[in-house]
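Asks: I have a structure here, written as structure tokens, and I will follow up with some questions on it.
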Amino acid sequence: MNIFRLTGDLSHLAAIIILLLKIWKSRSCAGISGKSQILFAMVFTTRYLDLLSSFISLYNTCMKMIYIGCAYATVYLIYMKFRATYDGNHDSFRVEFLVVPVGGLSVLINHDFSFMEILWTFSIYLESVAILPQLFMISKTGEAETITTHYLFCLGLYRALYIFNWVWRYYFEGFFDMIAIVAGVVQTILYCDFFYLYVTKVLKGKKLSLPA
């Protein structure tokens, strides 16, 4: 544990709470990509199957259970409770173009060719691109609610902080995980344009809208 991992985890948790509160308080999931949320649910399910076989710490176990529970709660709110407000017409990204290549890559490039390790690798690769349906949805609608941008900012900040976490662990623990680092860098790069718009527009009190 180090400050970058802790703040990264807290930023991730903040993103999830912001999203759930947004949906619950507004009684609407407008502007939220259900497909991205399904991908995140797949990420946490495949990554945290080790809950059934190992115990690392109370903190680790609690965070994993929170991530899994919140991911499925979000999917339930979008596709069941507030389904009438879900904008399926704009949430049209073809997720099979992500899941299938990621599945193949996780079989080909992993640390150990075992069932659990392949699932873990799959989750790392998939998380790096799971936000694409949400970003694609924003590009189609041309705008995003302020609360949604706060969610995306916290999510992107979490990945950026984890890059510093890997750097810290390399220098102070001698730990180096190429798969996690490359996937984290890819994911952070996907947020770069959004970060720019967030700083130049949202933080100045303007609504995030894309150029026509």
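Identifiers in this document derive from the order of the structure tokens: chains are assigned A, B, ..., residues are numbered from 1 separately in each chain, and ligands are numbered from 1 in order of occurrence.
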Env of Leu19 of chain A: 12 Å cut, atoms = only C-alpha atoms, seq-sep filter 3 positions within chain, self excluded. Answer as a ChimeraX atom specification.
Replies: /A:12-16,22-34,37,70-71,73-75,77-78,145-155
Asks: One decimal, Å: what's the distance from atom CA of Gly88 of chain A over to atom CA of Ile68 of chain A, could you say?
Replies: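 Going from atom CA of Gly88 of chain A over to atom CA of Ile68 of chain A, I get 23.5 Å.
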Asks: Got a sec: who's within 8 Å of segment 2-10 of chain A, counting only C-alpha atoms, leaving out chain neighbours fewer than 2 positions off, as a PyMOL selection string?
Replies: chain A and resi 12-14+157-162+164-165+168
Asks: Between atom CA of Ala84 of chain A and atom CA of Met42 of chain A, what is the distance in Å, rounded to a tenth?
Replies: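 Going from atom CA of Ala84 of chain A over to atom CA of Met42 of chain A covers 23.6 Å.
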Asks: Leaving out Phe122 of chain A and any residue of its chain fewer than 2 positions from it, which residues lie within 10 Å of it when counting only C-alpha atoms, given as a list in words?
Replies: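 Near neighbours after the sequence-gap exclusion: Met42, Val43, Thr46, Arg47, Val99, Pro101, Val102, Gly103, Gly104, Leu105, Ser106, Val107, Ile109, Asn110, Met116, Glu117, Ile118, Leu119, Trp120, Ile124, Tyr125, Leu126 and Glu127 of chain A.
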Asks: Within segment 78-187 of chain A, find each residue whose DSSP state, derived from the backbone, is alpha helix (DSSP H), and express the selection as a PyMOL selection string.
Replies: chain A and resi 96-108+115-129+132-141+146-173+178-187
